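Chemist: Supplied structure: query.json, JSON, C-alpha atoms.
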```
[["chain", "number", "residue", "atom", "x", "y", "z"],
["R", 1, "MET", "CA", -25.47, 0.09, 8.73],
["R", 2, "ILE", "CA", -23.46, 1.43, 5.82],
["R", 3, "GLU", "CA", -23.65, 5.09, 4.86],
["R", 4, "LEU", "CA", -21.83, 7.20, 2.32],
["R", 5, "GLN", "CA", -22.55, 10.78, 3.29],
["R", 6, "PRO", "CA", -22.55, 13.32, 0.44],
["R", 7, "PRO", "CA", -20.47, 16.51, 0.66],
["R", 8, "VAL", "CA", -22.32, 19.27, 2.52],
["R", 9, "GLU", "CA", -24.20, 21.92, 0.54],
["R", 10, "ALA", "CA", -24.75, 24.21, 3.48],
["R", 11, "THR", "CA", -23.41, 24.60, 6.98],
["R", 12, "VAL", "CA", -25.25, 25.10, 10.24],
["R", 13, "THR", "CA", -24.17, 26.91, 13.38],
["R", 14, "PRO", "CA", -23.48, 25.52, 15.88],
["R", 15, "GLY", "CA", -21.98, 22.60, 13.97],
["R", 16, "VAL", "CA", -23.30, 19.06, 14.18],
["R", 17, "LYS", "CA", -20.93, 16.44, 15.56],
["R", 18, "LYS", "CA", -19.87, 13.92, 12.96],
["R", 19, "LEU", "CA", -19.62, 11.04, 15.41],
["R", 20, "LEU", "CA", -22.12, 9.60, 17.83],
["R", 21, "GLN", "CA", -21.73, 11.22, 21.25],
["R", 22, "LYS", "CA", -22.46, 10.29, 24.85],
["R", 23, "ASP", "CA", -26.21, 10.46, 25.60],
["R", 24, "TYR", "CA", -27.18, 10.16, 21.93],
["R", 25, "TYR", "CA", -29.82, 7.55, 21.08],
["R", 26, "VAL", "CA", -29.51, 4.73, 18.57],
["R", 27, "THR", "CA", -32.29, 2.47, 17.31],
["R", 28, "PHE", "CA", -31.58, -0.81, 15.59],
["R", 29, "SER", "CA", -33.97, -2.03, 12.95],
["R", 30, "PRO", "CA", -36.18, -5.04, 13.75],
["R", 31, "ALA", "CA", -34.73, -6.54, 10.57],
["R", 32, "PHE", "CA", -31.60, -7.52, 12.52],
["R", 33, "PRO", "CA", -31.89, -11.34, 12.68],
["R", 34, "SER", "CA", -32.33, -13.53, 15.74],
["R", 35, "GLN", "CA", -28.60, -14.15, 16.23],
["R", 36, "LEU", "CA", -28.35, -10.41, 16.83],
["R", 37, "LYS", "CA", -31.27, -10.32, 19.25],
["R", 38, "ALA", "CA", -29.21, -8.30, 21.73],
["R", 39, "VAL", "CA", -29.86, -5.25, 19.57],
["R", 40, "SER", "CA", -32.60, -6.22, 17.11],
["R", 41, "GLY", "CA", -35.45, -3.69, 17.19],
["R", 42, "LEU", "CA", -34.13, -2.05, 20.35],
["R", 43, "THR", "CA", -33.27, 1.51, 21.30],
["R", 44, "PHE", "CA", -30.29, 2.42, 23.45],
["R", 45, "GLN", "CA", -28.73, 5.51, 24.90],
["R", 46, "ILE", "CA", -24.99, 5.81, 24.50],
["R", 47, "ALA", "CA", -23.33, 5.69, 27.90],
["R", 48, "GLN", "CA", -19.78, 6.29, 26.85],
["R", 49, "VAL", "CA", -17.68, 6.79, 23.73],
["R", 50, "CYS", "CA", -14.01, 6.34, 22.92],
["R", 51, "VAL", "CA", -12.36, 7.05, 19.59],
["R", 52, "VAL", "CA", -9.60, 4.76, 18.36],
["R", 53, "THR", "CA", -7.85, 5.30, 15.04],
["R", 54, "ASN", "CA", -6.06, 2.76, 12.91],
["R", 55, "ASP", "CA", -4.68, 2.53, 9.38],
["R", 56, "LEU", "CA", -4.74, -0.39, 6.97],
["R", 57, "ALA", "CA", -2.27, -0.41, 4.09],
["R", 58, "TYR", "CA", -1.58, -2.90, 1.34],
["R", 59, "LYS", "CA", 0.93, -2.97, -1.50],
["R", 60, "LEU", "CA", -0.92, -4.52, -4.41],
["R", 61, "PRO", "CA", -0.06, -5.14, -8.07],
["R", 62, "GLY", "CA", -2.01, -3.44, -10.82],
["R", 63, "ASN", "CA", -5.12, -5.14, -12.20],
["R", 64, "ASP", "CA", -5.39, -7.18, -9.04],
["R", 65, "TYR", "CA", -7.38, -7.00, -5.83],
["R", 66, "ARG", "CA", -7.45, -8.01, -2.20],
["R", 67, "ASP", "CA", -10.49, -8.78, -0.09],
["R", 68, "VAL", "CA", -10.15, -7.01, 3.25],
["R", 69, "ASP", "CA", -12.38, -8.62, 5.87],
["R", 70, "LEU", "CA", -13.13, -6.15, 8.65],
["R", 71, "SER", "CA", -14.63, -8.77, 10.97],
["R", 72, "ASN", "CA", -12.94, -10.70, 13.76],
["R", 73, "ASN", "CA", -12.56, -13.85, 11.65],
["R", 74, "ALA", "CA", -9.16, -15.55, 11.66],
["R", 75, "THR", "CA", -8.13, -13.69, 8.50],
["R", 76, "GLY", "CA", -10.01, -10.51, 9.39],
["R", 77, "GLU", "CA", -8.75, -7.13, 10.53],
["R", 78, "ASN", "CA", -10.63, -7.42, 13.87],
["R", 79, "ILE", "CA", -12.61, -4.21, 13.57],
["R", 80, "TYR", "CA", -15.78, -5.74, 15.07],
["R", 81, "PRO", "CA", -16.74, -5.43, 18.75],
["R", 82, "ASP", "CA", -16.44, -8.40, 21.07],
["R", 83, "ASN", "CA", -19.23, -7.38, 23.46],
["R", 84, "GLU", "CA", -22.96, -7.32, 22.80],
["R", 85, "ARG", "CA", -23.32, -3.91, 24.43],
["R", 86, "THR", "CA", -20.76, -2.25, 22.20],
["R", 87, "LEU", "CA", -21.50, -0.51, 18.92],
["R", 88, "TYR", "CA", -18.60, 0.42, 16.67],
["R", 89, "GLU", "CA", -19.22, 3.42, 14.45],
["R", 90, "VAL", "CA", -16.40, 3.19, 11.94],
["R", 91, "LEU", "CA", -15.45, 6.06, 9.65],
["R", 92, "VAL", "CA", -13.45, 4.98, 6.64],
["R", 93, "GLY", "CA", -11.28, 7.37, 4.62],
["R", 94, "PHE", "CA", -8.95, 6.66, 1.73],
["R", 95, "LYS", "CA", -5.60, 8.21, 0.90],
["R", 96, "PRO", "CA", -5.36, 9.16, -2.81],
["R", 97, "GLY", "CA", -4.22, 6.53, -5.27],
["R", 98, "PRO", "CA", -5.18, 4.57, -8.38],
["R", 99, "TYR", "CA", -7.57, 2.17, -6.69],
["R", 100, "LEU", "CA", -11.23, 1.66, -5.92],
["R", 101, "VAL", "CA", -13.19, -0.23, -3.31],
["R", 102, "HIS", "CA", -16.29, -2.41, -3.52],
["R", 103, "LEU", "CA", -18.27, -3.36, -0.43],
["R", 104, "GLN", "CA", -19.66, -6.82, 0.17],
["R", 105, "ILE", "CA", -21.67, -8.10, 3.10],
["R", 106, "PRO", "CA", -21.53, -11.01, 3.56],
["R", 107, "ALA", "CA", -18.73, -12.10, 1.19],
["R", 108, "THR", "CA", -19.69, -12.10, -2.51],
["R", 109, "GLN", "CA", -22.88, -10.08, -1.88],
["R", 110, "TYR", "CA", -22.29, -6.56, -3.16],
["R", 111, "VAL", "CA", -23.89, -3.64, -1.36],
["R", 112, "SER", "CA", -24.22, -1.51, -4.50],
["R", 113, "ARG", "CA", -25.72, -2.94, -7.65],
["R", 114, "LEU", "CA", -28.32, -2.06, -10.23],
["R", 115, "GLU", "CA", -31.46, -4.00, -10.97],
["R", 116, "GLN", "CA", -30.64, -5.36, -14.40],
["R", 117, "ALA", "CA", -29.13, -8.83, -13.95],
["R", 118, "SER", "CA", -25.73, -8.06, -15.51],
["R", 119, "MET", "CA", -25.23, -4.82, -13.56],
["R", 120, "ASN", "CA", -23.40, -6.33, -10.63],
["R", 121, "PRO", "CA", -19.93, -5.08, -9.73],
["R", 122, "ASP", "CA", -17.11, -7.25, -11.02],
["R", 123, "VAL", "CA", -13.56, -5.92, -10.97],
["R", 124, "THR", "CA", -12.43, -8.51, -13.51],
["R", 125, "ILE", "CA", -14.75, -7.12, -16.18],
["R", 126, "ALA", "CA", -13.95, -3.55, -17.30],
["R", 127, "ARG", "CA", -17.59, -2.68, -18.01],
["R", 128, "GLN", "CA", -18.69, -3.68, -14.49],
["R", 129, "ARG", "CA", -15.63, -2.50, -12.58],
["R", 130, "TYR", "CA", -17.03, 0.89, -11.65],
["R", 131, "ILE", "CA", -20.58, -0.07, -10.71],
["R", 132, "GLY", "CA", -20.99, 1.10, -7.15],
["R", 133, "ALA", "CA", -17.25, 1.49, -6.66],
["R", 134, "LYS", "CA", -16.00, 3.88, -4.00],
["R", 135, "LYS", "CA", -13.10, 6.02, -5.16],
["R", 136, "PRO", "CA", -10.62, 7.60, -2.73],
["R", 137, "SER", "CA", -12.17, 11.01, -3.48],
["R", 138, "ASP", "CA", -15.58, 9.75, -2.30],
["R", 139, "SER", "CA", -14.32, 9.49, 1.26],
["R", 140, "PRO", "CA", -11.00, 11.31, 1.72],
["R", 141, "TYR", "CA", -8.63, 10.23, 4.47],
["R", 142, "ASP", "CA", -8.85, 13.61, 6.23],
["R", 143, "ASP", "CA", -12.60, 14.01, 5.78],
["R", 144, "PRO", "CA", -14.14, 10.52, 5.83],
["R", 145, "ARG", "CA", -17.73, 10.17, 4.66],
["R", 146, "LEU", "CA", -18.10, 6.41, 4.65],
["R", 147, "PHE", "CA", -19.66, 5.08, 7.85],
["R", 148, "PHE", "CA", -20.06, 1.49, 9.03],
["R", 149, "TYR", "CA", -21.96, 0.35, 12.11],
["R", 150, "PHE", "CA", -20.75, -2.92, 13.59],
["R", 151, "VAL", "CA", -22.12, -5.01, 16.41],
["R", 152, "LYS", "CA", -20.89, -8.36, 17.71],
["R", 153, "ASN", "CA", -21.54, -11.31, 15.40],
["R", 154, "LEU", "CA", -22.62, -9.19, 12.45],
["R", 155, "ASP", "CA", -21.84, -10.87, 9.13],
["R", 156, "PRO", "CA", -18.35, -10.00, 7.85],
["R", 157, "LEU", "CA", -18.09, -6.84, 5.78],
["R", 158, "ILE", "CA", -15.57, -7.21, 2.99],
["R", 159, "MET", "CA", -13.82, -4.36, 1.22],
["R", 160, "ARG", "CA", -12.63, -5.52, -2.19],
["R", 161, "VAL", "CA", -9.70, -3.21, -2.90],
["R", 162, "PHE", "CA", -8.84, -3.16, -6.61],
["R", 163, "VAL", "CA", -5.76, -1.50, -8.08],
["R", 164, "GLU", "CA", -6.22, 0.02, -11.53],
["R", 165, "THR", "CA", -4.70, -1.57, -14.61],
["R", 166, "ASP", "CA", -2.27, 1.18, -15.61],
["R", 167, "VAL", "CA", 0.13, 0.93, -12.67],
["R", 168, "ASP", "CA", 2.73, -1.63, -11.61],
["R", 169, "TYR", "CA", 1.96, -1.43, -7.91],
["R", 170, "ALA", "CA", -0.07, 0.86, -5.70],
["R", 171, "LYS", "CA", -0.41, 1.26, -1.96],
["R", 172, "PRO", "CA", -4.03, 1.76, -0.92],
["R", 173, "ILE", "CA", -4.05, 3.28, 2.56],
["R", 174, "ILE", "CA", -7.33, 3.09, 4.44],
["R", 175, "GLY", "CA", -7.79, 5.20, 7.54],
["R", 176, "LEU", "CA", -10.20, 3.93, 10.17],
["R", 177, "THR", "CA", -11.72, 5.97, 12.97],
["R", 178, "VAL", "CA", -13.48, 3.59, 15.33],
["R", 179, "ASN", "CA", -15.93, 5.34, 17.62],
["R", 180, "LYS", "CA", -16.50, 2.78, 20.38],
["R", 181, "CYS", "CA", -19.96, 3.35, 21.79],
["R", 182, "LEU", "CA", -20.96, 1.66, 25.06],
["R", 183, "LEU", "CA", -24.70, 1.06, 24.95],
["R", 184, "SER", "CA", -26.92, 1.41, 28.00],
["R", 185, "SER", "CA", -29.64, -1.11, 28.81],
["R", 186, "PRO", "CA", -32.41, -1.01, 26.20],
["R", 187, "ILE", "CA", -34.86, 1.81, 26.77],
["R", 188, "THR", "CA", -38.44, 2.35, 25.73],
["R", 189, "ALA", "CA", -38.37, 4.80, 22.89],
["R", 190, "THR", "CA", -40.90, 7.59, 23.23],
["R", 191, "PRO", "CA", -41.84, 9.30, 19.96],
["R", 192, "ASP", "CA", -39.47, 12.11, 20.90],
["R", 193, "ILE", "CA", -36.56, 9.76, 21.56],
["R", 194, "PHE", "CA", -37.33, 7.76, 18.45],
["R", 195, "SER", "CA", -37.35, 10.87, 16.27],
["R", 196, "ARG", "CA", -33.95, 11.91, 17.62],
["R", 197, "ALA", "CA", -32.35, 8.47, 17.59],
["R", 198, "LYS", "CA", -29.81, 7.43, 15.00],
["R", 199, "LYS", "CA", -31.53, 4.71, 12.95],
["R", 200, "ILE", "CA", -29.33, 1.77, 12.10],
["R", 201, "PRO", "CA", -30.85, -0.42, 9.37],
["R", 202, "TYR", "CA", -29.79, -3.99, 8.71],
["R", 203, "TYR", "CA", -27.79, -4.53, 5.55],
["R", 204, "THR", "CA", -30.60, -6.35, 3.82],
["R", 205, "GLU", "CA", -32.62, -3.14, 4.02],
["R", 206, "ILE", "CA", -30.06, -0.99, 2.23],
["R", 207, "ARG", "CA", -29.54, -3.54, -0.56],
["R", 208, "TRP", "CA", -32.86, -3.61, -2.37],
["F", 1, "MET", "CA", 10.12, 18.17, 4.70],
["F", 2, "PRO", "CA", 13.01, 15.89, 5.69],
["F", 3, "SER", "CA", 16.07, 15.38, 3.55],
["F", 4, "LYS", "CA", 19.08, 13.09, 3.64],
["F", 5, "MET", "CA", 22.51, 13.35, 2.01],
["F", 6, "LEU", "CA", 24.60, 10.21, 1.44],
["F", 7, "THR", "CA", 27.64, 9.36, -0.63],
["F", 8, "MET", "CA", 27.33, 6.65, -3.26],
["F", 9, "GLY", "CA", 30.30, 4.55, -2.16],
["F", 10, "VAL", "CA", 28.14, 1.43, -2.12],
["F", 11, "SER", "CA", 25.34, 0.33, -4.36],
["F", 12, "PRO", "CA", 22.50, 0.19, -3.66],
["F", 13, "THR", "CA", 22.31, 2.78, -0.88],
["F", 14, "THR", "CA", 19.17, 2.90, 1.24],
["F", 15, "PHE", "CA", 17.93, 6.46, 1.68],
["F", 16, "VAL", "CA", 14.51, 6.10, 3.32],
["F", 17, "LEU", "CA", 12.88, 3.08, 4.96],
["F", 18, "GLU", "CA", 9.24, 2.30, 4.30],
["F", 19, "ARG", "CA", 6.57, 3.80, 6.53],
["F", 20, "VAL", "CA", 3.79, 1.29, 6.82],
["F", 21, "ASN", "CA", 0.87, 3.69, 6.59],
["F", 22, "ALA", "CA", 2.28, 6.20, 4.11],
["F", 23, "LYS", "CA", 3.96, 6.59, 0.77],
["F", 24, "ILE", "CA", 7.27, 8.41, 0.36],
["F", 25, "VAL", "CA", 6.91, 11.30, -2.08],
["F", 26, "VAL", "CA", 10.23, 12.56, -3.41],
["F", 27, "ASP", "CA", 10.33, 16.33, -3.76],
["F", 28, "ALA", "CA", 13.86, 16.76, -5.09],
["F", 29, "ILE", "CA", 17.07, 14.85, -5.69],
["F", 30, "THR", "CA", 20.38, 16.70, -5.88],
["F", 31, "VAL", "CA", 23.34, 14.88, -7.42],
["F", 32, "ASP", "CA", 26.68, 16.52, -6.63],
["F", 33, "ASN", "CA", 29.29, 14.78, -8.76],
["F", 34, "THR", "CA", 31.89, 17.57, -8.64],
["F", 35, "LEU", "CA", 34.25, 15.25, -6.76],
["F", 36, "GLY", "CA", 33.19, 12.13, -8.64],
["F", 37, "ALA", "CA", 35.74, 10.01, -10.47],
["F", 38, "GLN", "CA", 33.41, 9.25, -13.39],
["F", 39, "ASP", "CA", 29.94, 9.93, -14.72],
["F", 40, "ALA", "CA", 27.31, 8.84, -12.20],
["F", 41, "ILE", "CA", 24.58, 6.62, -13.60],
["F", 42, "LEU", "CA", 21.92, 6.49, -10.90],
["F", 43, "THR", "CA", 18.66, 4.61, -10.58],
["F", 44, "VAL", "CA", 16.05, 5.40, -7.95],
["F", 45, "GLN", "CA", 14.44, 2.17, -6.81],
["F", 46, "ASP", "CA", 11.40, 1.13, -4.81],
["F", 47, "SER", "CA", 12.02, -2.03, -2.80],
["F", 48, "PHE", "CA", 9.23, -3.88, -1.00],
["F", 49, "THR", "CA", 7.36, -7.12, -0.53],
["F", 50, "PRO", "CA", 3.82, -6.86, -1.92],
["F", 51, "SER", "CA", 0.81, -7.84, 0.13],
["F", 52, "ALA", "CA", -1.01, -11.03, -0.72],
["F", 53, "SER", "CA", -3.64, -10.45, -3.39],
["F", 54, "ALA", "CA", -6.15, -12.53, -5.28],
["F", 55, "GLY", "CA", -3.68, -13.00, -8.10],
["F", 56, "VAL", "CA", -0.55, -13.54, -5.99],
["F", 57, "LEU", "CA", -1.19, -15.40, -2.74],
["F", 58, "LEU", "CA", 2.49, -15.76, -1.78],
["F", 59, "PRO", "CA", 4.27, -12.65, -3.01],
["F", 60, "VAL", "CA", 8.04, -12.33, -3.15],
["F", 61, "PRO", "CA", 10.16, -9.19, -2.68],
["F", 62, "VAL", "CA", 10.33, -6.92, -5.71],
["F", 63, "VAL", "CA", 12.43, -3.95, -6.77],
["F", 64, "VAL", "CA", 10.90, -1.43, -9.16],
["F", 65, "ASN", "CA", 12.99, 1.19, -10.95],
["F", 66, "ARG", "CA", 11.29, 4.60, -10.58],
["F", 67, "LEU", "CA", 13.74, 7.13, -12.06],
["F", 68, "GLY", "CA", 17.05, 7.22, -13.91],
["F", 69, "ILE", "CA", 19.55, 10.07, -13.54],
["F", 70, "ASN", "CA", 22.85, 10.44, -15.40],
["F", 71, "GLU", "CA", 25.19, 13.06, -13.97],
["F", 72, "ALA", "CA", 28.40, 13.91, -15.79],
["F", 73, "MET", "CA", 31.69, 13.85, -13.90],
["F", 74, "GLY", "CA", 32.20, 17.28, -12.33],
["F", 75, "GLY", "CA", 28.52, 18.18, -12.61],
["F", 76, "CYS", "CA", 25.96, 19.11, -9.99],
["F", 77, "ASP", "CA", 22.25, 19.10, -10.83],
["F", 78, "ILE", "CA", 18.87, 18.89, -9.21],
["F", 79, "TRP", "CA", 15.84, 16.81, -10.15],
["F", 80, "PRO", "CA", 13.33, 17.97, -11.17],
["F", 81, "PRO", "CA", 15.20, 20.60, -13.20],
["F", 82, "VAL", "CA", 14.71, 24.17, -11.97],
["F", 83, "GLY", "CA", 11.64, 25.76, -13.55],
["F", 84, "ILE", "CA", 9.93, 22.46, -14.29],
["F", 85, "PRO", "CA", 7.01, 21.57, -11.99],
["F", 86, "THR", "CA", 7.64, 18.68, -9.63],
["F", 87, "LYS", "CA", 6.30, 15.38, -10.82],
["F", 88, "ASP", "CA", 5.08, 12.99, -8.19],
["F", 89, "LEU", "CA", 7.70, 10.36, -7.60],
["F", 90, "GLU", "CA", 6.03, 7.98, -5.20],
["F", 91, "ILE", "CA", 7.80, 5.18, -3.38],
["F", 92, "ILE", "CA", 5.62, 2.62, -1.61],
["F", 93, "GLY", "CA", 8.44, 0.64, 0.04],
["F", 94, "ASN", "CA", 12.08, 1.45, 0.79],
["F", 95, "LEU", "CA", 13.77, 4.17, -1.25],
["F", 96, "LEU", "CA", 17.08, 2.93, -2.65],
["F", 97, "ILE", "CA", 19.48, 4.48, -5.12],
["F", 98, "THR", "CA", 21.93, 2.43, -7.15],
["F", 99, "ILE", "CA", 25.01, 3.70, -8.98],
["F", 100, "ALA", "CA", 26.62, 1.89, -11.90],
["F", 101, "THR", "CA", 30.12, 2.37, -10.45],
["F", 102, "PRO", "CA", 30.24, 2.98, -6.69],
["F", 103, "ASP", "CA", 31.95, 6.31, -6.05],
["F", 104, "GLY", "CA", 32.39, 7.96, -2.64],
["F", 105, "GLY", "CA", 32.89, 11.29, -4.42],
["F", 106, "CYS", "CA", 29.31, 11.32, -5.68],
["F", 107, "ARG", "CA", 26.96, 12.87, -3.13],
["F", 108, "VAL", "CA", 23.22, 12.52, -3.44],
["F", 109, "THR", "CA", 20.65, 14.46, -1.41],
["F", 110, "VAL", "CA", 17.01, 13.36, -1.35],
["F", 111, "ALA", "CA", 14.26, 15.66, -0.07],
["F", 112, "TYR", "CA", 10.93, 13.94, 0.59],
["F", 113, "HIS", "CA", 7.76, 13.86, 2.58],
["F", 114, "ASP", "CA", 5.27, 11.23, 3.67],
["F", 115, "GLU", "CA", 1.79, 11.14, 2.21]]
```
If you took the structure in this file and wrote it as C-alpha cells, what would it be?

Modeler:
Amino acid sequence: MIELQPPVEATVTPGVKKLLQKDYYVTFSPAFPSQLKAVSGLTFQIAQVCVVTNDLAYKLPGNDYRDVDLSNNATGENIYPDNERTLYEVLVGFKPGPYLVHLQIPATQYVSRLEQASMNPDVTIARQRYIGAKKPSDSPYDDPRLFFYFVKNLDPLIMRVFVETDVDYAKPIIGLTVNKCLLSSPITATPDIFSRAKKIPYYTEIRW
Amino acid sequence: MPSKMLTMGVSPTTFVLERVNAKIVVDAITVDNTLGAQDAILTVQDSFTPSASAGVLLPVPVVVNRLGINEAMGGCDIWPPVGIPTKDLEIIGNLLITIATPDGGCRVTVAYHDE
C-alpha cells in the first residue's frame, strides 16, 4: 500500500514499466477490512489506465509543520478514488528543499517507527525528528520512488511536512503522478496469475 | 532563462510574480546606475502569504528581505560579482525590489529561472 523503492543497482533490457499498465494483475491482501470488501482478498486485471499529474505546494515557516491529508475528506487534497472499481497508484516526488516528510495512516499512526517505545517519529523533538523521515532526495520530483495505492474509503493517509529549523520559510513542492487504474470484475487467480500480480498489502501489514 | 529589466522609479517594484508550484531562483541581478541621480540602495524582497501550519493557523502576508545591494551613483555592476560562483537566491513568493530613493535613472535587470 505504501512503497519506497530503492535506487536501482542494475538495469534490465527491455526496461520494466514503472507504473501499472493495462492488462496487469493486482491482488489485494485479505487483511483489507470489511468496509473495503469490494477489493479485500480479491484479484483484478487492469482494464484501463490514465495518468494525471498534480503538484501540491505550501509555504511554511521554519520549525513548523503542516499535515497534508491526501484523502477526500473536507480538508483533504482529494487524491482518493470515488469509485470502488478504481485503484489509484500515486507516485510522490519532492522538489529539493530544507524539509522532510513523515507518513501517517490513519492520522497520528506513523508508518515508520522502531520497536523501542520512545523511537516514534516526532518532529517537535530533535532526537526523534528523523526517525523514518522521507527526505526530498529519497524520492526526487523527476524520479519518484514513493508509491501509494489508494482505493475508495481507505483510511486517510497524512503527510506531515516539516520545515527545518534553520530557515525562515521554505516551499515544499510535492509532485503527484496519479495512475488511475480501472479494475475489471474480480477474477480467480491461478498460480500463474497470482505470481505475476502486483500484491497490495493493507497498511497494518507494513507497520509491524 | 527569462530576464526582466525595469527602472526603479517606484518602490517597491514587482519583478516576478509567484508561480504556485515552483520557486524563483535568481541567477543574476544587474544594477545600471550610470544615469542615477544618487547612490541606489536596493533590497530584494520575497513577498507572500504563508500556508496554514500547525503553529500558525491563520497566517498573514509577510515580506522577507533576501539580498541587499548598494550601487554608487554612476556605477554599473552585476550580482553575483564576476568570477564568484552563483549562490542560490530563492524566492518562494513574489520577487520585489525596493530602492531607498525612487529613481527612474536606475535600471535593474533580473535574470531568473523556475525550480

Chemist: How far is it from CA of Ala100 (chain F) to CA of Ser3 (chain F), in Å with one decimal?

Modeler: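 A separation of 23.1 Å between them.
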
Chemist: What's the 9 Å shell around Gly74 (chain F), counting all atoms listed in the file, without same-chain residues fewer than 2 positions away, as a ChimeraX atom specification?

Modeler: /F:32-39,71-72,76

Chemist: Write a file of the selected residues as a CSV table (one decimal), keeping the file's coordinate frame, keeping C-alpha atoms.

Modeler:
```
chain,number,residue,atom,x,y,z
F,32,ASP,CA,26.7,16.5,-6.6
F,33,ASN,CA,29.3,14.8,-8.8
F,34,THR,CA,31.9,17.6,-8.6
F,35,LEU,CA,34.2,15.2,-6.8
F,36,GLY,CA,33.2,12.1,-8.6
F,37,ALA,CA,35.7,10.0,-10.5
F,38,GLN,CA,33.4,9.2,-13.4
F,39,ASP,CA,29.9,9.9,-14.7
F,71,GLU,CA,25.2,13.1,-14.0
F,72,ALA,CA,28.4,13.9,-15.8
F,76,CYS,CA,26.0,19.1,-10.0
```

Chemist: Using only C-alpha atoms and a cut-off of 8 Å, which residues of chain F sit close to chain R? Please list them as a PDB file with C-alpha atoms, in the frame of the given file.

Modeler:
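File written: result-v7.pdb
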```pdb
ATOM      1  CA  VAL F  20       3.790   1.290   6.820  1.00  0.00           C
ATOM      2  CA  ASN F  21       0.870   3.690   6.590  1.00  0.00           C
ATOM      3  CA  ALA F  22       2.280   6.200   4.110  1.00  0.00           C
ATOM      4  CA  LYS F  23       3.960   6.590   0.770  1.00  0.00           C
ATOM      5  CA  THR F  49       7.360  -7.120  -0.530  1.00  0.00           C
ATOM      6  CA  PRO F  50       3.820  -6.860  -1.920  1.00  0.00           C
ATOM      7  CA  SER F  51       0.810  -7.840   0.130  1.00  0.00           C
ATOM      8  CA  ALA F  52      -1.010 -11.030  -0.720  1.00  0.00           C
ATOM      9  CA  SER F  53      -3.640 -10.450  -3.390  1.00  0.00           C
ATOM     10  CA  ALA F  54      -6.150 -12.530  -5.280  1.00  0.00           C
ATOM     11  CA  GLY F  55      -3.680 -13.000  -8.100  1.00  0.00           C
ATOM     12  CA  ILE F  92       5.620   2.620  -1.610  1.00  0.00           C
TER      13      ILE F  92
END
```

Chemist: One decimal, Å: what's the distance from CA of Lys22 (chain R) over to CA of Ser34 (chain R), could you say?

Modeler: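 Atom-to-atom, CA of Lys22 (chain R) and CA of Ser34 (chain R) are spaced 27.3 Å apart.
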
Chemist: Record the distance separating CA of Met1 (chain R) and CA of Tyr130 (chain R), expressed in Å with one decimal.

Modeler: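 CA of Met1 (chain R) sits 22.1 Å away from CA of Tyr130 (chain R).
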
Chemist: As a list in words, please: the residues near region 57-70 of chain F (cut-off 6 Å, all atoms listed in the file, same-chain neighbours under 6 positions excluded).

Modeler: Ala40, Ile41, Leu42, Thr43, Val44, Gln45, Asp46, Ser47, Phe48, Thr49 and Pro50 of chain F

Chemist: Please provide as a VMD selection string all residues within 9 Å of Met159 (chain R), with the sequence filter that same-chain residues fewer than 6 positions apart are discarded (counting only C-alpha atoms).

Modeler: chain R and resid 66 to 70 101 to 105

Chemist: Can you tell me which residues surround region 185-196 of chain R at a distance of at most 12 Å, considering all atoms listed in the file, apart from same-chain residues fewer than 6 positions away, and format the answer as a list in words?

Modeler: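 What passes the distance filter is Asp23, Tyr24, Tyr25, Val26, Thr27, Phe28, Ser29, Lys37, Ala38, Val39, Ser40, Gly41, Leu42, Thr43, Phe44, Gln45, Ile46, Ala47, Glu84, Arg85 and Thr86 of chain R.
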